[in-house]
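Containing TSV, C-alpha atoms: model10.tsv.
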```tsv
chain	number	residue	atom	x	y	z
A	1	MET	CA	53.13	26.30	-7.45
A	2	THR	CA	51.95	24.63	-4.22
A	3	ALA	CA	53.53	25.17	-0.81
A	4	ILE	CA	55.03	21.66	-0.93
A	5	GLU	CA	56.55	22.28	-4.37
A	6	LYS	CA	58.14	25.48	-3.08
A	7	LYS	CA	59.62	23.62	-0.14
A	8	VAL	CA	60.99	20.90	-2.41
A	9	ASP	CA	62.58	23.56	-4.62
A	10	GLU	CA	64.18	25.06	-1.51
A	11	ILE	CA	65.68	21.66	-0.63
A	12	LEU	CA	66.99	21.19	-4.17
A	13	HIS	CA	68.63	24.61	-4.16
A	14	GLY	CA	72.31	24.05	-3.39
A	15	SER	CA	71.95	20.25	-3.12
A	16	VAL	CA	74.46	17.68	-4.38
A	17	ASP	CA	73.73	14.44	-6.22
A	18	PHE	CA	76.57	12.29	-4.91
A	19	HIS	CA	76.18	9.41	-7.38
A	20	ILE	CA	75.60	9.68	-11.15
A	21	HIS	CA	76.88	7.43	-13.92
A	22	SER	CA	77.87	8.67	-17.35
A	23	HIS	CA	79.17	6.18	-19.89
A	24	MET	CA	79.52	5.86	-23.63
A	25	SER	CA	77.74	2.51	-23.73
A	26	PRO	CA	74.31	1.24	-24.84
A	27	SER	CA	72.89	1.13	-21.33
A	28	TYR	CA	74.37	4.45	-20.13
A	29	HIS	CA	73.73	7.02	-22.80
A	30	TRP	CA	73.01	10.28	-20.99
A	31	ASP	CA	74.76	13.37	-22.30
A	32	LEU	CA	76.91	14.92	-19.56
A	33	MET	CA	76.21	18.50	-20.62
A	34	GLU	CA	72.48	17.80	-20.54
A	35	ILE	CA	72.84	16.39	-17.03
A	36	GLY	CA	74.66	19.55	-16.00
A	37	ARG	CA	72.18	21.96	-17.54
A	38	GLN	CA	69.15	20.14	-16.18
A	39	SER	CA	70.65	19.76	-12.70
A	40	LEU	CA	71.64	23.42	-12.59
A	41	ALA	CA	68.16	24.50	-13.71
A	42	ALA	CA	66.69	22.36	-10.91
A	43	GLY	CA	68.87	24.21	-8.41
A	44	LEU	CA	71.55	21.61	-7.69
A	45	ARG	CA	74.98	22.93	-6.73
A	46	ALA	CA	77.07	19.97	-7.89
A	47	VAL	CA	76.91	16.41	-9.21
A	48	LEU	CA	79.43	13.59	-8.83
A	49	ILE	CA	80.15	11.57	-11.94
A	50	LYS	CA	81.23	7.97	-11.56
A	51	ASN	CA	82.98	5.86	-14.18
A	52	LEU	CA	82.59	2.26	-13.09
A	53	TYR	CA	85.87	1.33	-14.78
A	54	GLY	CA	88.29	4.07	-13.78
A	55	SER	CA	88.33	7.86	-13.67
A	56	SER	CA	85.71	10.38	-14.79
A	57	HIS	CA	88.29	13.19	-14.67
A	58	GLU	CA	88.40	14.03	-18.39
A	59	GLN	CA	84.62	14.11	-18.74
A	60	CYS	CA	84.20	16.36	-15.71
A	61	HIS	CA	87.08	18.65	-16.65
A	62	MET	CA	85.76	19.28	-20.16
A	63	ALA	CA	82.15	19.67	-19.00
A	64	ASN	CA	83.15	22.21	-16.35
A	65	LYS	CA	85.10	24.23	-18.94
A	66	ILE	CA	82.12	24.28	-21.28
A	67	MET	CA	79.70	25.23	-18.51
A	68	GLY	CA	82.09	27.80	-17.08
A	69	MET	CA	81.64	26.59	-13.51
A	70	ASP	CA	82.58	23.77	-11.15
A	71	MET	CA	79.43	21.71	-11.52
A	72	PHE	CA	80.97	18.26	-11.99
A	73	TYR	CA	83.15	16.38	-9.50
A	74	ALA	CA	85.21	13.40	-10.63
A	75	THR	CA	85.53	9.96	-9.09
A	76	LEU	CA	88.32	7.41	-9.43
A	77	VAL	CA	87.07	3.83	-9.10
A	78	LEU	CA	89.86	1.38	-8.30
A	79	GLY	CA	89.55	-2.04	-9.92
A	80	HIS	CA	91.10	-4.31	-12.51
A	81	THR	CA	91.27	-1.50	-15.10
A	82	THR	CA	93.48	0.53	-12.74
A	83	GLY	CA	95.65	-2.50	-12.00
A	84	GLY	CA	93.80	-3.08	-8.75
A	85	ILE	CA	94.08	-0.90	-5.66
A	86	ARG	CA	97.14	1.03	-6.75
A	87	ARG	CA	98.90	4.08	-5.38
A	88	ALA	CA	100.02	5.11	-8.88
A	89	ALA	CA	96.42	5.47	-10.08
A	90	VAL	CA	95.55	7.72	-7.13
A	91	GLU	CA	98.73	9.77	-7.55
A	92	LYS	CA	97.86	10.53	-11.17
A	93	PHE	CA	94.27	11.36	-10.22
A	94	VAL	CA	95.53	13.80	-7.60
A	95	GLN	CA	98.05	15.38	-9.99
A	96	PHE	CA	95.25	16.40	-12.34
A	97	GLY	CA	93.83	18.45	-9.44
A	98	GLY	CA	90.67	20.44	-10.03
A	99	ASN	CA	87.52	18.69	-8.92
A	100	ASN	CA	89.11	15.27	-8.52
A	101	LYS	CA	87.81	14.70	-5.02
A	102	ILE	CA	86.56	11.12	-4.65
A	103	VAL	CA	88.42	7.79	-4.62
A	104	GLU	CA	86.26	4.68	-4.52
A	105	MET	CA	87.13	1.09	-3.70
A	106	PRO	CA	86.28	-1.69	-6.22
A	107	VAL	CA	82.76	-1.77	-7.61
A	108	PHE	CA	81.96	-4.39	-10.26
A	109	ASP	CA	85.37	-5.98	-9.63
A	110	SER	CA	84.78	-6.55	-5.91
A	111	ALA	CA	84.38	-10.07	-4.57
A	112	ARG	CA	81.16	-8.98	-2.88
A	113	HIS	CA	79.61	-7.81	-6.15
A	114	LEU	CA	80.47	-11.02	-7.98
A	115	SER	CA	79.30	-13.24	-5.14
A	116	PHE	CA	76.06	-11.32	-4.57
A	117	PHE	CA	75.05	-11.77	-8.20
A	118	GLY	CA	75.96	-15.46	-8.27
A	119	LYS	CA	79.23	-15.22	-10.20
A	120	PRO	CA	82.56	-16.84	-9.30
A	121	ASP	CA	84.40	-14.43	-7.05
A	122	ASP	CA	87.88	-15.92	-7.53
A	123	SER	CA	89.03	-12.83	-9.43
A	124	GLY	CA	87.13	-10.43	-7.18
A	125	LEU	CA	89.02	-7.91	-5.08
A	126	LYS	CA	88.83	-7.86	-1.29
A	127	VAL	CA	90.37	-4.68	0.02
A	128	ILE	CA	91.80	-6.04	3.27
A	129	GLU	CA	93.33	-9.08	1.57
A	130	VAL	CA	94.82	-6.82	-1.08
A	131	ASP	CA	96.55	-4.77	1.60
A	132	ARG	CA	97.93	-7.83	3.37
A	133	SER	CA	99.48	-9.10	0.16
A	134	THR	CA	100.76	-5.85	-1.40
A	135	GLY	CA	100.50	-3.02	1.11
A	136	GLU	CA	99.04	-0.83	-1.64
A	137	LEU	CA	95.85	-0.05	0.25
A	138	THR	CA	97.87	1.54	3.04
A	139	ALA	CA	99.67	3.74	0.51
A	140	VAL	CA	96.36	4.68	-1.16
A	141	LEU	CA	94.79	5.63	2.18
A	142	GLU	CA	97.81	7.77	3.08
A	143	LEU	CA	97.40	9.66	-0.21
A	144	ILE	CA	93.68	10.19	0.35
A	145	ALA	CA	94.38	11.53	3.85
A	146	ARG	CA	97.23	13.79	2.70
A	147	HIS	CA	95.10	15.42	0.01
A	148	ASP	CA	91.87	15.46	2.07
A	149	LEU	CA	89.94	13.44	-0.53
A	150	VAL	CA	86.67	11.58	0.00
A	151	LEU	CA	86.96	7.80	0.38
A	152	LYS	CA	83.97	5.79	-0.85
A	153	THR	CA	83.72	2.12	0.01
A	154	GLY	CA	82.39	0.81	-3.33
A	155	HIS	CA	80.67	-2.55	-3.64
A	156	ILE	CA	82.65	-4.32	-0.95
A	157	SER	CA	80.91	-6.26	1.82
A	158	PRO	CA	79.64	-4.51	4.96
A	159	GLU	CA	82.20	-6.42	7.02
A	160	GLU	CA	85.00	-5.20	4.73
A	161	SER	CA	83.60	-1.68	4.90
A	162	ILE	CA	83.73	-1.64	8.69
A	163	ALA	CA	87.32	-2.89	8.67
A	164	LEU	CA	88.23	-0.36	5.96
A	165	ILE	CA	86.67	2.53	7.87
A	166	ARG	CA	88.73	1.65	10.95
A	167	ILE	CA	91.96	1.55	8.94
A	168	ALA	CA	91.07	4.73	7.06
A	169	LYS	CA	90.43	6.67	10.27
A	170	GLU	CA	93.77	5.46	11.65
A	171	ALA	CA	95.38	6.75	8.45
A	172	GLY	CA	93.90	10.19	9.10
A	173	ILE	CA	91.08	10.20	6.53
A	174	LYS	CA	88.32	12.57	7.61
A	175	LYS	CA	85.77	12.03	4.82
A	176	ILE	CA	84.39	8.51	4.35
A	177	VAL	CA	81.17	7.52	2.55
A	178	VAL	CA	79.64	4.04	2.52
A	179	THR	CA	78.45	3.54	-1.06
A	180	HIS	CA	74.64	2.98	-1.23
A	181	ALA	CA	74.65	1.00	2.01
A	182	THR	CA	70.95	0.12	1.57
A	183	GLY	CA	71.35	-0.92	-2.07
A	184	THR	CA	72.62	-3.98	-3.89
A	185	PRO	CA	75.12	-5.52	-3.56
A	186	VAL	CA	76.12	-3.89	-0.25
A	187	MET	CA	72.84	-4.34	1.70
A	188	ALA	CA	74.29	-3.57	5.12
A	189	THR	CA	72.11	-4.37	8.10
A	190	ILE	CA	70.87	-1.48	10.19
A	191	GLU	CA	73.21	-2.54	12.99
A	192	GLN	CA	76.17	-2.47	10.60
A	193	GLN	CA	75.20	0.98	9.35
A	194	VAL	CA	75.02	2.28	12.92
A	195	GLU	CA	78.51	0.91	13.54
A	196	MET	CA	79.82	2.48	10.33
A	197	ALA	CA	78.40	5.85	11.31
A	198	SER	CA	79.77	5.56	14.85
A	199	LEU	CA	83.24	5.05	13.34
A	200	GLY	CA	82.90	8.33	11.44
A	201	ALA	CA	81.47	7.38	8.03
A	202	LEU	CA	78.53	8.93	6.23
A	203	ILE	CA	75.93	6.53	4.86
A	204	GLU	CA	74.88	7.04	1.24
A	205	HIS	CA	71.34	6.18	0.12
A	206	CYS	CA	70.44	6.05	-3.58
A	207	VAL	CA	66.92	6.31	-4.95
A	208	VAL	CA	67.53	4.07	-7.98
A	209	LYS	CA	67.86	1.12	-5.61
A	210	PHE	CA	64.20	1.60	-4.67
A	211	LEU	CA	62.70	1.96	-8.15
A	212	PRO	CA	60.69	-0.90	-9.71
A	213	VAL	CA	62.92	-1.53	-12.72
A	214	SER	CA	66.07	-1.75	-10.60
A	215	ILE	CA	64.37	-3.92	-8.00
A	216	LEU	CA	63.24	-6.35	-10.70
A	217	ARG	CA	66.63	-6.43	-12.43
A	218	ASN	CA	68.58	-6.86	-9.19
A	219	SER	CA	66.18	-9.48	-7.83
A	220	LYS	CA	66.53	-11.54	-11.00
A	221	SER	CA	70.31	-11.32	-10.90
A	222	ALA	CA	70.89	-11.76	-7.17
A	223	ALA	CA	71.97	-15.15	-5.88
A	224	HIS	CA	69.69	-14.72	-2.83
A	225	PRO	CA	66.97	-12.20	-3.74
A	226	ASP	CA	64.97	-12.93	-0.58
A	227	SER	CA	67.83	-12.03	1.72
A	228	ASN	CA	67.31	-9.96	4.86
A	229	PRO	CA	67.44	-7.00	4.41
A	230	LYS	CA	65.27	-7.26	1.32
A	231	ILE	CA	66.09	-5.61	-1.99
A	232	GLY	CA	64.22	-2.34	-2.49
A	233	ASP	CA	62.39	-2.44	0.86
A	234	LEU	CA	61.26	1.10	1.74
A	235	ALA	CA	60.84	0.21	5.41
A	236	TYR	CA	64.50	-0.84	5.40
A	237	LEU	CA	65.46	2.54	3.91
A	238	LYS	CA	63.38	4.50	6.41
A	239	ASP	CA	64.54	2.51	9.44
A	240	SER	CA	68.16	2.77	8.33
A	241	ILE	CA	68.06	6.56	8.14
A	242	ARG	CA	66.20	6.82	11.44
A	243	ALA	CA	68.68	4.53	13.22
A	244	VAL	CA	71.76	6.32	11.90
A	245	GLY	CA	70.29	9.82	11.87
A	246	PRO	CA	70.06	12.26	8.92
A	247	ASN	CA	73.20	14.03	10.14
A	248	HIS	CA	75.13	10.88	9.17
A	249	CYS	CA	73.52	10.35	5.74
A	250	ILE	CA	73.84	11.71	2.20
A	251	LEU	CA	71.69	11.24	-0.89
A	252	GLY	CA	72.40	10.24	-4.48
A	253	THR	CA	70.41	8.98	-7.41
A	254	ASP	CA	72.81	6.30	-8.78
A	255	SER	CA	71.22	7.28	-12.09
A	256	GLY	CA	72.38	7.58	-15.67
A	257	GLN	CA	70.88	4.33	-16.94
A	258	ALA	CA	68.91	4.52	-20.17
A	259	TYR	CA	65.85	2.97	-18.51
A	260	HIS	CA	65.59	5.63	-15.77
A	261	PRO	CA	64.63	9.33	-15.87
A	262	TYR	CA	67.26	12.06	-15.83
A	263	PRO	CA	69.19	12.53	-12.56
A	264	HIS	CA	67.58	15.85	-11.59
A	265	GLU	CA	64.12	14.29	-11.99
A	266	LEU	CA	65.07	11.35	-9.80
A	267	PHE	CA	66.62	13.63	-7.19
A	268	ARG	CA	63.37	15.58	-6.95
A	269	TYR	CA	61.43	12.30	-6.77
A	270	PHE	CA	63.73	11.15	-3.93
A	271	VAL	CA	62.84	14.26	-1.93
A	272	TYR	CA	59.12	13.55	-2.35
A	273	LEU	CA	59.68	9.90	-1.42
A	274	LEU	CA	61.49	10.83	1.79
A	275	LEU	CA	58.74	13.29	2.66
A	276	GLU	CA	56.22	10.49	2.20
A	277	LEU	CA	58.32	8.30	4.51
A	278	GLY	CA	57.95	10.91	7.24
A	279	PHE	CA	61.20	12.86	7.08
A	280	SER	CA	61.06	16.61	7.61
A	281	TYR	CA	62.21	19.28	5.16
A	282	GLU	CA	65.09	20.06	7.51
A	283	GLU	CA	66.19	16.42	7.73
A	284	ILE	CA	66.12	15.97	3.96
A	285	GLY	CA	67.99	19.25	3.48
A	286	GLN	CA	70.66	17.97	5.86
A	287	MET	CA	71.15	14.84	3.76
A	288	ALA	CA	70.77	16.48	0.33
A	289	ARG	CA	72.67	19.71	0.90
A	290	GLU	CA	74.53	20.32	4.17
A	291	ASN	CA	76.32	16.99	4.55
A	292	PRO	CA	77.55	16.58	0.94
A	293	CYS	CA	78.56	20.25	0.72
A	294	GLN	CA	80.76	19.75	3.77
A	295	LEU	CA	82.38	16.74	2.11
A	296	LEU	CA	83.22	18.82	-0.97
A	297	ASP	CA	84.14	21.95	1.01
A	298	LEU	CA	81.39	23.93	-0.69
A	299	SER	CA	80.15	27.02	1.08
A	300	ASP	CA	76.61	28.38	0.79
```

Represent the structure contained in this file as structure tokens.
Amino acid sequence: MTAIEKKVDEILHGSVDFHIHSHMSPSYHWDLMEIGRQSLAAGLRAVLIKNLYGSSHEQCHMANKIMGMDMFYATLVLGHTTGGIRRAAVEKFVQFGGNNKIVEMPVFDSARHLSFFGKPDDSGLKVIEVDRSTGELTAVLELIARHDLVLKTGHISPEESIALIRIAKEAGIKKIVVTHATGTPVMATIEQQVEMASLGALIEHCVVKFLPVSILRNSKSAAHPDSNPKIGDLAYLKDSIRAVGPNHCILGTDSGQAYHPYPHELFRYFVYLLLELGFSYEEIGQMARENPCQLLDLSD
């Protein structure tokens, strides 16, 4: 084993992949137990499992029981399948307890997602408009604050994210993550990311957004593939992290798709990619291990 490989292994040890998909569908067919075993063997401390259409609680609960450890952390994605942004959905998620730590705003059901990929956004959810009409967002944020959960912004627009972060901080939420800010369909400018971080949010970066297959698929689907910032631009990724600072960033793979390698392989690849972009071992360790462990209240 080379000196660099040893250093990469040290970074992986105790790290957290903050963004993995696991679905029983043709395009997401990874076995959750295999993800857990492989990630654990690679040295990862925890992985967050995201169901794009609701809660991953049952999957994570059963997988943790089988593995005999708290490896998996569940996410609740609010959208049309949960009846929108609803307090009742969050209340039930909280009641289950355990590793139910993350509540995420709309993803595929967001107006931003639909608009970005050239689809009618009439049925898309805009978090601020939802709150003005129903008041449910305020109730959801109060629950997240009361139970010290992590709020993720989902696929809403950068402008919505900034407004949401302000409201969330006023509600007393301490842990806020901007979902793959440098990936489709969010694509926040560097200036917007700096503002988000200054308001108290952590900026998530996901390696899948910078892989050739994803770049091709997203570019074909996007309404404006040549937008600025550009899809899959590594200079954009590097400059974003430098502007915000590694102490305000976390890493995830956004993996689980059948056409990508296993999450632990992509996480290792992400470390090598960031090294190639000029980040130090300490900076990558901050983003891969220290920052996400603080969000999940995990000690060394």

Exercise. Around (66.9, -4.5, -8.2) in the file's own coordinates, what residues are found within 10 Å if you use all atoms listed in the file, given back as number ranges by chain?
Worked result: A: 183-185, 208-222, 225, 231-232

For this session: Return the single residue from A:Leu137, A:Ala41, A:Ile66, A:Leu114 that is closest to Gly14 in chain A, with distances computed using only C-alpha atoms.
Result: A:Ala41

Find the spatial neighbours of Met33 in chain A, counting only C-alpha atoms, within a cut-off of 12 Å - ignore same-chain residues fewer than 2 positions away - and output them as a CSV table (one decimal) with C-alpha atoms, in the frame of the given file.
```csv
chain,number,residue,atom,x,y,z
A,22,SER,CA,77.9,8.7,-17.4
A,29,HIS,CA,73.7,7.0,-22.8
A,30,TRP,CA,73.0,10.3,-21.0
A,31,ASP,CA,74.8,13.4,-22.3
A,35,ILE,CA,72.8,16.4,-17.0
A,36,GLY,CA,74.7,19.6,-16.0
A,37,ARG,CA,72.2,22.0,-17.5
A,38,GLN,CA,69.2,20.1,-16.2
A,39,SER,CA,70.6,19.8,-12.7
A,40,LEU,CA,71.6,23.4,-12.6
A,47,VAL,CA,76.9,16.4,-9.2
A,49,ILE,CA,80.2,11.6,-11.9
A,59,GLN,CA,84.6,14.1,-18.7
A,60,CYS,CA,84.2,16.4,-15.7
A,61,HIS,CA,87.1,18.6,-16.6
A,62,MET,CA,85.8,19.3,-20.2
A,63,ALA,CA,82.2,19.7,-19.0
A,64,ASN,CA,83.2,22.2,-16.4
A,65,LYS,CA,85.1,24.2,-18.9
A,66,ILE,CA,82.1,24.3,-21.3
A,67,MET,CA,79.7,25.2,-18.5
A,68,GLY,CA,82.1,27.8,-17.1
A,71,MET,CA,79.4,21.7,-11.5
A,72,PHE,CA,81.0,18.3,-12.0
```

Excluding range 145-153 of chain A and its own-chain neighbours fewer than 4 positions away, which residues fall within 7 Å of it when counting only C-alpha atoms? Please give them as a PDB file with C-alpha atoms, in the frame of the given file.
```
ATOM      1  CA  LYS A 101      87.810  14.700  -5.020  1.00  0.00           C
ATOM      2  CA  ILE A 102      86.560  11.120  -4.650  1.00  0.00           C
ATOM      3  CA  VAL A 103      88.420   7.790  -4.620  1.00  0.00           C
ATOM      4  CA  GLU A 104      86.260   4.680  -4.520  1.00  0.00           C
ATOM      5  CA  MET A 105      87.130   1.090  -3.700  1.00  0.00           C
ATOM      6  CA  LEU A 141      94.790   5.630   2.180  1.00  0.00           C
ATOM      7  CA  SER A 161      83.600  -1.680   4.900  1.00  0.00           C
ATOM      8  CA  ALA A 171      95.380   6.750   8.450  1.00  0.00           C
ATOM      9  CA  GLY A 172      93.900  10.190   9.100  1.00  0.00           C
ATOM     10  CA  ILE A 173      91.080  10.200   6.530  1.00  0.00           C
ATOM     11  CA  LYS A 175      85.770  12.030   4.820  1.00  0.00           C
ATOM     12  CA  ILE A 176      84.390   8.510   4.350  1.00  0.00           C
ATOM     13  CA  VAL A 177      81.170   7.520   2.550  1.00  0.00           C
ATOM     14  CA  VAL A 178      79.640   4.040   2.520  1.00  0.00           C
ATOM     15  CA  THR A 179      78.450   3.540  -1.060  1.00  0.00           C
TER      16      THR A 179
END
```

For this session: Tell me which of A:Thr189, A:Arg86, A:Asp121, A:Leu143 sits closest to Ala168 in chain A, counting only C-alpha atoms.
Result: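 Of the candidates, the smallest distance to Ala168 in chain A is held by A:Leu143.
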
Given the block above, output range 246-267 of chain A with C-alpha atoms as an mmCIF file, in the first residue's frame.
```cif
data_model
loop_
_atom_site.group_PDB
_atom_site.id
_atom_site.type_symbol
_atom_site.label_atom_id
_atom_site.label_comp_id
_atom_site.auth_asym_id
_atom_site.auth_seq_id
_atom_site.Cartn_x
_atom_site.Cartn_y
_atom_site.Cartn_z
ATOM 1 C CA PRO A 246 -14.082 23.175 4.026
ATOM 2 C CA ASN A 247 -15.329 23.892 7.544
ATOM 3 C CA HIS A 248 -18.708 24.743 5.975
ATOM 4 C CA CYS A 249 -18.931 21.735 3.616
ATOM 5 C CA ILE A 250 -19.865 18.050 3.780
ATOM 6 C CA LEU A 251 -19.495 15.245 1.249
ATOM 7 C CA GLY A 252 -21.861 12.645 -0.170
ATOM 8 C CA THR A 253 -21.934 10.356 -3.159
ATOM 9 C CA ASP A 254 -25.615 10.708 -4.214
ATOM 10 C CA SER A 255 -25.113 7.130 -5.382
ATOM 11 C CA GLY A 256 -27.233 4.011 -5.551
ATOM 12 C CA GLN A 257 -28.011 4.156 -9.266
ATOM 13 C CA ALA A 258 -27.529 0.950 -11.226
ATOM 14 C CA TYR A 259 -25.179 2.679 -13.674
ATOM 15 C CA HIS A 260 -22.713 3.840 -10.987
ATOM 16 C CA PRO A 261 -20.258 1.934 -8.766
ATOM 17 C CA TYR A 262 -21.085 1.100 -5.159
ATOM 18 C CA PRO A 263 -21.210 4.036 -2.704
ATOM 19 C CA HIS A 264 -18.013 3.154 -0.827
ATOM 20 C CA GLU A 265 -16.101 3.025 -4.126
ATOM 21 C CA LEU A 266 -17.425 6.420 -5.151
ATOM 22 C CA PHE A 267 -16.643 7.901 -1.747
#
```
